[in-house]
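Engineer: First the structure, which I've put down as structure tokens, then a few questions once you've had a look.
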Amino acid sequence: STSQINGREAVRYFNRSPDTLRTIWVHLNQNLFAPSSPRVVETPVTGGTEIFRVAAWGQALAKRDTGAGYAIWATSMRIVLPRPLVPHDSLDLDIAWAFQVPPDGAPREGTTGDVFMIAYWYPQIAVYDDVNGWQNDPYLGGAEFYMGYADYEVNLSVPQGWLVAATGELTNPNDVLSRQTRDRLAEARRGAHVVNVVRDQDRGVGPTKATNTGFDGVLTWRFRARNVRDFDWGASSKFLWDATVAVVGDRERRGRPDTTAINTFYRPEARKWAWDRSAEYERSVVEFL
């Protein structure tokens with residue numbers, strides 16, 4: 001009802017460089033929507049990121065411009081560490097934050113109130129490389145990013161009856177998905193045909209609906225992603241869900257094809273829009289050829 005996201009993250013950052021690092025730079029890309037941030041595209045002002053806690057190795061840091069602590073400029077946060085991070089050592093960061101999800105039409109994300117598409121949503125450590133050091137250019141709303149690869153364990157608490165599409169693999173389907181949904185998903189994983197995992201009449205809560213019942217009306221979806229650049233997600237009570245698998249070769253030469261899961265989440269009213277857009281794209285390709 002408030003379109004607000006509250007988050008807390010624990011990050012273990014490994015210094016794989018030969019340099020001793022006394023400062024860490026973190027992207028706060030939601031600050032694109034703060035009043036004073038520079039931008040190159042039309043952007044709604046929703047307040048940006050509110051930081052509640054920053055801690056390094058368990059030591060809480062204050063917001064300050066000098067000494068150990070953190071300071072924020074536009075979409076970047078500089079953390080001066082309480083002690084240097086030497087080569088081959090690791091840093092444990094703890095950050096708590098919140099922000100208002102911008103309306104639909106905002107750069108690369110937004111909400112219509114019943115659908116949330118969430119990107120660039122968490123404080124993300126910048127890349128430190130052997131060319132320019134810290135890559136801490138501000139996010140202006142119109143460019144992709146140079147990101148470090150990482151492993152993610154993400155818990156998303158959303159209302160029961162809502163479906164979540166996210167990077168990586170859902171690790172607790174028994175907790176959040178109804179038996180009917182799990183059985184259909186398993187069927188999709190066995191064959192090459194498309195399975196309607198959640199249909200129009202299946203949306204909602206219960207044994208023959210989309211999700212289980214949650215504690216106080218909330219379910220926590222747990223995802224794991226390994227060695228990826230970023231983690232994004234979307235959620236809605238209106239989503240329908242189709243699934244299948246695609247054959248992607250035989251990497252290990254085991255004599256049987258490898259497959260990858262394909263999941264599509266969409267709203268019923270978007271069917272005609274998506275079909276028309278697909279036909280329009282096919283016509284443009286034909287005209288180009």
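Labeling convention for the structure tokens: chains A, B, ... as they appear, residues from 1 per chain, ligands from 1 in order of appearance.
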Using only C-alpha atoms, which protein or nucleic acid residues come within 9 Å of A:Asp19? Drop anything in the same chain fewer than 5 positions from it, and give the result as JSON, numbers by chain.
Structural biologist: {"A": [85, 86, 87]}
Engineer: Running DSSP on the backbone, which parts of stretch 34-241 of chain A land in strand (DSSP E), as a ChimeraX atom specification?
Structural biologist: /A:50-56,59-60,69-73,76-85,90-100,110-111,115-118,124-125,128-129,133-134,150-159,163-166,169-170,195-198,218-228,233-236,240-241
Engineer: Hey, what's within 10 Å of A:Thr208 if we count only C-alpha atoms and toss same-chain stuff fewer than 5 positions away? As a PyMOL selection string, please?
Structural biologist: chain A and resi 178-181+198+201-203
Engineer: Could you save those same residues with N, CA, C and O atoms as a short mmCIF file (atom, residue, chain, number, x, y, z; two decimals), in the first residue's frame?
Structural biologist:
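Result file is selection39.cif:
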```cif
data_model
loop_
_atom_site.label_atom_id
_atom_site.label_comp_id
_atom_site.auth_asym_id
_atom_site.auth_seq_id
_atom_site.Cartn_x
_atom_site.Cartn_y
_atom_site.Cartn_z
N SER A 178 1.86 -23.42 -3.69
CA SER A 178 0.88 -24.47 -3.38
C SER A 178 1.32 -25.78 -4.03
O SER A 178 2.15 -25.80 -4.94
N ARG A 179 0.74 -26.88 -3.58
CA ARG A 179 1.08 -28.19 -4.17
C ARG A 179 0.74 -28.20 -5.66
O ARG A 179 1.50 -28.74 -6.47
N GLN A 180 -0.38 -27.62 -6.02
CA GLN A 180 -0.76 -27.59 -7.43
C GLN A 180 0.29 -26.86 -8.26
O GLN A 180 0.69 -27.34 -9.33
N THR A 181 0.74 -25.72 -7.78
CA THR A 181 1.75 -24.95 -8.51
C THR A 181 3.05 -25.73 -8.61
O THR A 181 3.70 -25.77 -9.68
N VAL A 198 0.45 -21.18 -13.45
CA VAL A 198 -0.61 -20.43 -12.77
C VAL A 198 -1.47 -19.78 -13.84
O VAL A 198 -1.00 -18.94 -14.61
N GLN A 201 -7.62 -18.47 -13.24
CA GLN A 201 -8.44 -18.91 -12.10
C GLN A 201 -7.60 -19.42 -10.92
O GLN A 201 -8.16 -19.71 -9.86
N ASP A 202 -6.29 -19.53 -11.11
CA ASP A 202 -5.43 -20.06 -10.04
C ASP A 202 -4.83 -18.98 -9.15
O ASP A 202 -4.24 -19.30 -8.12
N ARG A 203 -4.96 -17.73 -9.53
CA ARG A 203 -4.32 -16.69 -8.73
C ARG A 203 -4.96 -16.60 -7.35
O ARG A 203 -6.16 -16.79 -7.20
#
```
Engineer: If you run DSSP on this backbone, which residues of stretch 37-275 of chain A come out as helix (DSSP H, G or I), and could you give them as a list in words?
Structural biologist: Pro173, Asn174, Asp175, Val176, Arg179, Gln180, Thr181, Arg182, Asp183, Arg184, Leu185, Ala186, Glu187, Ala188, Arg189, Arg190, Asp200, Gln201, Asp202, Pro268, Glu269, Ala270, Arg271, Lys272, Trp273, Ala274 and Trp275 of chain A
Engineer: So, with only C-alpha atoms as the atoms that count, which of A:Tyr152, A:Asp94, A:Thr49, A:Ala60 lies closest to A:Ile72?
Structural biologist: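 Looking only at the distances to A:Ile72, the closest residue turns out to be A:Thr49.
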Engineer: How many Å lie between atom CA of A:Ser36 and atom CA of A:Trp134, rounded to one decimal?
Structural biologist: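 Atom CA of A:Trp134 lies 23.1 Å from atom CA of A:Ser36.
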Engineer: For atom CA of A:Asp92 and atom CA of A:Asn15, quote the distance in Å rounded to one decimal.
Structural biologist: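 That distance, rounded to one decimal, is 11.3 Å.
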Engineer: Fewer than 4 positions away in the same chain doesn't count, so skip those; otherwise give me all residues within 12 Å of A:Ala150, counting only C-alpha atoms, as a list in words.
Structural biologist: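 Returned residues: Val11, Arg12, Tyr13, Phe14, Gln124, Ile125, Ala126, Val127, Gly168, Arg224, Ala225, Arg226, Asn227, Val228, Arg229, Asp230 and Phe231 of chain A.
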Engineer: With distances taken over only C-alpha atoms, which residue among A:Ala261, A:Ala34, A:Val41, A:Val247 lies nearest A:Gln100?
Structural biologist: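 For A:Gln100, the nearest of the given residues is A:Ala34.
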Engineer: Need to verify the contact set: A:Asp242, 9 Å, only C-alpha atoms, exclusion of same-chain residues closer than 6 positions in sequence. Can you return it as a ChimeraX atom specification?
Structural biologist: /A:185,188,194-199,262-266
Engineer: Dump C-alpha atoms for the selected residues as a short mmCIF file (atom, residue, chain, number, x, y, z; two decimals), in the first residue's frame?
Structural biologist:
```cif
data_model
loop_
_atom_site.label_atom_id
_atom_site.label_comp_id
_atom_site.auth_asym_id
_atom_site.auth_seq_id
_atom_site.Cartn_x
_atom_site.Cartn_y
_atom_site.Cartn_z
CA LEU A 185 6.26 -26.61 -12.31
CA ALA A 188 7.30 -28.19 -17.02
CA VAL A 194 4.80 -25.10 -22.26
CA VAL A 195 2.90 -25.64 -18.99
CA ASN A 196 0.46 -23.07 -17.61
CA VAL A 197 1.74 -23.15 -14.05
CA VAL A 198 -0.61 -20.43 -12.77
CA ARG A 199 -3.69 -19.65 -14.87
CA ILE A 262 12.30 -20.85 -19.00
CA ASN A 263 9.74 -18.95 -16.89
CA THR A 264 7.38 -16.25 -18.15
CA PHE A 265 5.34 -14.03 -15.84
CA TYR A 266 2.72 -11.69 -17.28
#
```
Engineer: For a quick check of understanding, using only C-alpha atoms, which of A:Ile118, A:Leu163, A:Val80, A:Leu219 has the smallest distance to A:Asp65?
Structural biologist: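 Once distances to A:Asp65 are computed over only C-alpha atoms, the minimum belongs to A:Val80.
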